[in-house]
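Heads up, the thing below is written out as structure tokens.
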Amino acid sequence: MNILFFTVSAGEGHNQVAKTIADKIKRIDPKHKVEVIDAFNYVHPSLHKIVFEAYIKSIKYIPTLYGYIYKRSEVTDNSIVDVSEFLNKVVLSRKLTRLLGDFQPDVIVCTHPFPAEALSAMKRKGKIDIPLVTVLTDYTIHPSWINNEIDYYMMPSENFVHEFQYWQIPLERARFFGIPINDKFAKSYNRQEVCERLNLSNTFTALIMGGGLGLGNITETLDYLFTYNIDIQIIAIAGKNQELYRYLSLINRKNLKVFGYVSNIDEFMSASDIIITKPGGITVTEALAKELPIIVTWNLPGQEERNMEFILNNGIGMVAASPNSLISCINLLKDDPDRYQTICRNMTRLRKPHASEDIANFILNMPSANPSSTERSLFKVR
């Protein structure tokens, strides 16, 4: 099979999900031809740079505007920016059509709504006739994900069955496999061995992070904890935020361990008792897989607000909106084993650590995605 993935570099999650599924497919059977394409970067590198920088700046400096646009587009078809028209003019270029013709995909998988919407428009106009699969990367269903031309939706949880039905899409198009993450998060570790390997103490530990980009109020959170002088081990991970890493590295505290971007976050989670973080879709999923209770101290507007609702509504974490609240949340989880275990049990119920394998196998066994050699010669891009 020829399987083409489309993603967009808006944060780490969309790319990570595409790569995770693609790698799983290649491990199942390396004979499959698999490629992951950043849609904007492929079609127009300058556009890709503009979009990525605009996204980062908007969430850092004008998050309220980003949140306003997100929420407005949840409830109205007349969005401020006509994304569909923009995509039809810019993304649906000859270069993209040429890519589809050269690659001849049997299935197209989208991990971001922009390429999903663009390809749906192509299908609507009869330019392609290729099975389309979308993989949601947050614990919410934004209408930008919903297109009648999508054949299957990979959903994060059965909790969204009623939301899915609200959009009047046949339920048989939904598969509630979860958000795919690396298989290593399904592994069990000996905590003492992990602590020794990471040069950590095997004591009550809080992992503080802000996703791969190191966003959020990490420095403020640490100030709260140091002011209170809370007696726990703290792991702070700065991700790709070099400025944050340099700042944290200058803090001289015996109970603080600082790291930059790491590839073994699963081990750090295994050595921790709680995670204090912003509620990105991937981070929430990884914490679920490791059954690591979540405390949210900051969130991006839009999808992360919806992820936070999911955390609270399903009892898998707590929200700390103030310094006093944060200290209270930590102490409650540290000193109340029953409350801590209740959260862990809820996480056990919701976790889907094998989502990547389930999604990969589903894609490989889609009936309409396995053409004969004759069908392949009659390629479906018009």
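Chains: A, B, ... in order of the structure tokens. Residues: from 1 per chain. Ligands: from 1, in order shown.
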Original post:
Looking only at the backbone, which of the residues in stretch 225-262 of chain A does DSSP tag as helix (DSSP H, G or I), as a PyMOL selection string?
Top reply: chain A and resi 225-228+242-249
**OP:** Enumerate, as a VMD selection string, the complete set of residues in stretch 2-50 of chain A that a backbone-based DSSP assignment places in strand (DSSP E).
**Re:** chain A and resid 2 to 7 33 to 38
Would you tabulate, counting only C-alpha atoms, all residues of stretch 308-358 of chain A that have an atom at most 12 Å from an atom of stretch 197-213 of chain A, showing the closest pair of atoms and their distance in Å to one decimal, sorted by chain then ascending number, as CSV?
```
residue,atom,partner,partner_atom,distance
A:Leu326,CA,A:Ala206,CA,11.7
A:Ile327,CA,A:Ala206,CA,11.7
A:Cys329,CA,A:Ala206,CA,11.6
A:Ile330,CA,A:Ala206,CA,8.5
A:Asn331,CA,A:Phe204,CA,10.7
A:Leu333,CA,A:Phe204,CA,10.2
A:Lys334,CA,A:Phe204,CA,7.4
A:Asp335,CA,A:Phe204,CA,10.4
```
Which residues of stretch 283-354 of chain A sit at most 7 Å from stretch 137-152 of chain A, using only C-alpha atoms? Give each one's shortest atom pair and distance in Å (one decimal place), in chain and ascending residue order, as CSV.
```
residue,atom,partner,partner_atom,distance
A:Gln303,CA,A:Asp138,CA,6.7
A:Arg306,CA,A:Thr140,CA,6.0
A:Asn307,CA,A:Tyr139,CA,5.1
A:Phe310,CA,A:Tyr139,CA,6.6
```
Same residues, N, CA and C atoms, saved as a compact mmCIF listing (two decimals), in the first residue's frame:
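Saved the output as again-v7.txt:
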```txt
# COMPACT_ATOMS: atom_id res chain seq x y z
N GLN A 303 -8.19 24.73 22.09
CA GLN A 303 -8.23 23.29 22.27
C GLN A 303 -7.73 22.85 23.65
N ARG A 306 -10.42 22.87 26.13
CA ARG A 306 -11.28 21.69 26.01
C ARG A 306 -10.59 20.46 26.61
N ASN A 307 -9.28 20.36 26.44
CA ASN A 307 -8.54 19.26 27.08
C ASN A 307 -8.64 19.35 28.59
N PHE A 310 -11.83 17.97 29.71
CA PHE A 310 -11.77 16.51 29.69
C PHE A 310 -11.10 15.99 30.95
```
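Of note, atom CA of A:Leu288 and atom CA of A:Arg345 are spaced 10.4 Å apart.
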**OP:** For A:Thr221, please output as a ChimeraX atom specification all residues within 12 Å (counting only C-alpha atoms; exclusion window: fewer than 6 positions along the same chain).
**Re:** /A:206-210,227-228,230,234,236,248,276-278,295-298,320-327,330
Residues just named, written with N, CA, C and O atoms as a tab-separated table (two decimals), in the first residue's frame:
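Contents of the output file out-v9.tsv:
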```
chain	number	residue	atom	x	y	z
A	206	ALA	N	7.47	15.80	41.50
A	206	ALA	CA	6.60	16.52	40.57
A	206	ALA	C	7.38	16.80	39.30
A	206	ALA	O	8.47	17.36	39.33
A	207	LEU	N	6.82	16.40	38.17
A	207	LEU	CA	7.39	16.67	36.86
A	207	LEU	C	6.71	17.92	36.31
A	207	LEU	O	5.49	17.96	36.16
A	208	ILE	N	7.50	18.95	36.00
A	208	ILE	CA	6.95	20.20	35.48
A	208	ILE	C	7.43	20.39	34.05
A	208	ILE	O	8.63	20.36	33.78
A	209	MET	N	6.49	20.60	33.12
A	209	MET	CA	6.86	20.77	31.72
A	209	MET	C	5.78	21.53	30.98
A	209	MET	O	4.65	21.67	31.47
A	210	GLY	N	6.14	22.00	29.79
A	210	GLY	CA	5.19	22.75	28.97
A	210	GLY	C	5.20	22.30	27.53
A	210	GLY	O	5.26	23.12	26.61
A	227	THR	N	8.79	29.41	47.19
A	227	THR	CA	8.31	30.32	48.24
A	227	THR	C	7.68	29.53	49.38
A	227	THR	O	7.92	29.82	50.56
A	228	TYR	N	6.93	28.53	49.02
A	228	TYR	CA	6.30	27.69	50.04
A	228	TYR	C	7.30	26.71	50.64
A	228	TYR	O	7.08	26.17	51.72
A	230	ILE	N	8.12	23.73	49.52
A	230	ILE	CA	7.47	22.43	49.59
A	230	ILE	C	8.51	21.31	49.50
A	230	ILE	O	9.47	21.39	48.73
A	234	ILE	N	11.62	18.05	42.42
A	234	ILE	CA	11.02	18.71	41.26
A	234	ILE	C	11.89	18.47	40.03
A	234	ILE	O	13.09	18.72	40.06
A	236	ALA	N	12.16	19.79	36.23
A	236	ALA	CA	11.69	20.80	35.29
A	236	ALA	C	12.29	20.53	33.92
A	236	ALA	O	13.51	20.45	33.78
A	248	LEU	N	16.51	28.40	34.07
A	248	LEU	CA	16.32	27.38	35.11
A	248	LEU	C	17.64	26.81	35.58
A	248	LEU	O	17.79	26.45	36.76
A	276	ILE	N	2.85	18.52	36.50
A	276	ILE	CA	2.30	19.88	36.50
A	276	ILE	C	2.59	20.45	35.12
A	276	ILE	O	3.75	20.59	34.74
A	277	THR	N	1.55	20.77	34.35
A	277	THR	CA	1.76	21.02	32.94
A	277	THR	C	0.63	21.81	32.34
A	277	THR	O	-0.42	22.02	32.97
A	278	LYS	N	0.82	22.23	31.11
A	278	LYS	CA	-0.28	22.73	30.30
A	278	LYS	C	-0.92	21.50	29.62
A	278	LYS	O	-0.23	20.51	29.34
A	295	ILE	N	-1.83	18.01	37.12
A	295	ILE	CA	-2.24	19.30	37.68
A	295	ILE	C	-2.00	20.35	36.61
A	295	ILE	O	-0.87	20.52	36.13
A	296	VAL	N	-3.04	21.04	36.21
A	296	VAL	CA	-2.95	22.07	35.18
A	296	VAL	C	-2.82	23.43	35.85
A	296	VAL	O	-3.66	23.80	36.68
A	297	THR	N	-1.77	24.17	35.52
A	297	THR	CA	-1.58	25.51	36.07
A	297	THR	C	-1.72	26.60	35.01
A	297	THR	O	-1.76	27.79	35.35
A	298	TRP	N	-1.74	26.20	33.74
A	298	TRP	CA	-1.81	27.17	32.65
A	298	TRP	C	-2.24	26.44	31.40
A	298	TRP	O	-1.96	25.26	31.23
A	320	ALA	N	-5.13	24.15	39.07
A	320	ALA	CA	-4.66	25.09	40.08
A	320	ALA	C	-4.57	26.47	39.44
A	320	ALA	O	-3.66	26.74	38.66
A	321	ALA	N	-5.52	27.33	39.76
A	321	ALA	CA	-5.57	28.66	39.15
A	321	ALA	C	-4.84	29.71	39.97
A	321	ALA	O	-4.77	30.87	39.57
A	322	SER	N	-4.29	29.34	41.11
A	322	SER	CA	-3.59	30.30	41.97
A	322	SER	C	-2.47	29.57	42.70
A	322	SER	O	-2.46	28.34	42.79
A	323	PRO	N	-1.51	30.33	43.26
A	323	PRO	CA	-0.42	29.69	44.02
A	323	PRO	C	-0.92	28.84	45.18
A	323	PRO	O	-0.45	27.71	45.37
A	324	ASN	N	-1.88	29.35	45.93
A	324	ASN	CA	-2.42	28.59	47.07
A	324	ASN	C	-3.09	27.31	46.60
A	324	ASN	O	-2.97	26.25	47.23
A	325	SER	N	-3.80	27.42	45.48
A	325	SER	CA	-4.48	26.24	44.93
A	325	SER	C	-3.47	25.19	44.50
A	325	SER	O	-3.68	23.99	44.69
A	326	LEU	N	-2.36	25.61	43.90
A	326	LEU	CA	-1.33	24.67	43.46
A	326	LEU	C	-0.76	23.90	44.65
A	326	LEU	O	-0.65	22.67	44.61
A	327	ILE	N	-0.40	24.61	45.69
A	327	ILE	CA	0.15	23.96	46.88
A	327	ILE	C	-0.86	22.99	47.48
A	327	ILE	O	-0.53	21.88	47.89
A	330	ILE	N	-1.09	19.78	45.28
A	330	ILE	CA	0.07	18.90	45.47
A	330	ILE	C	-0.04	18.16	46.80
A	330	ILE	O	0.16	16.93	46.86
```
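Here atom CA of A:Val43 stands at a distance of 23.7 Å from atom CA of A:Met1.
As for atom CA of A:Asn15 and atom CA of A:Phe177, they are spaced 18.2 Å apart.
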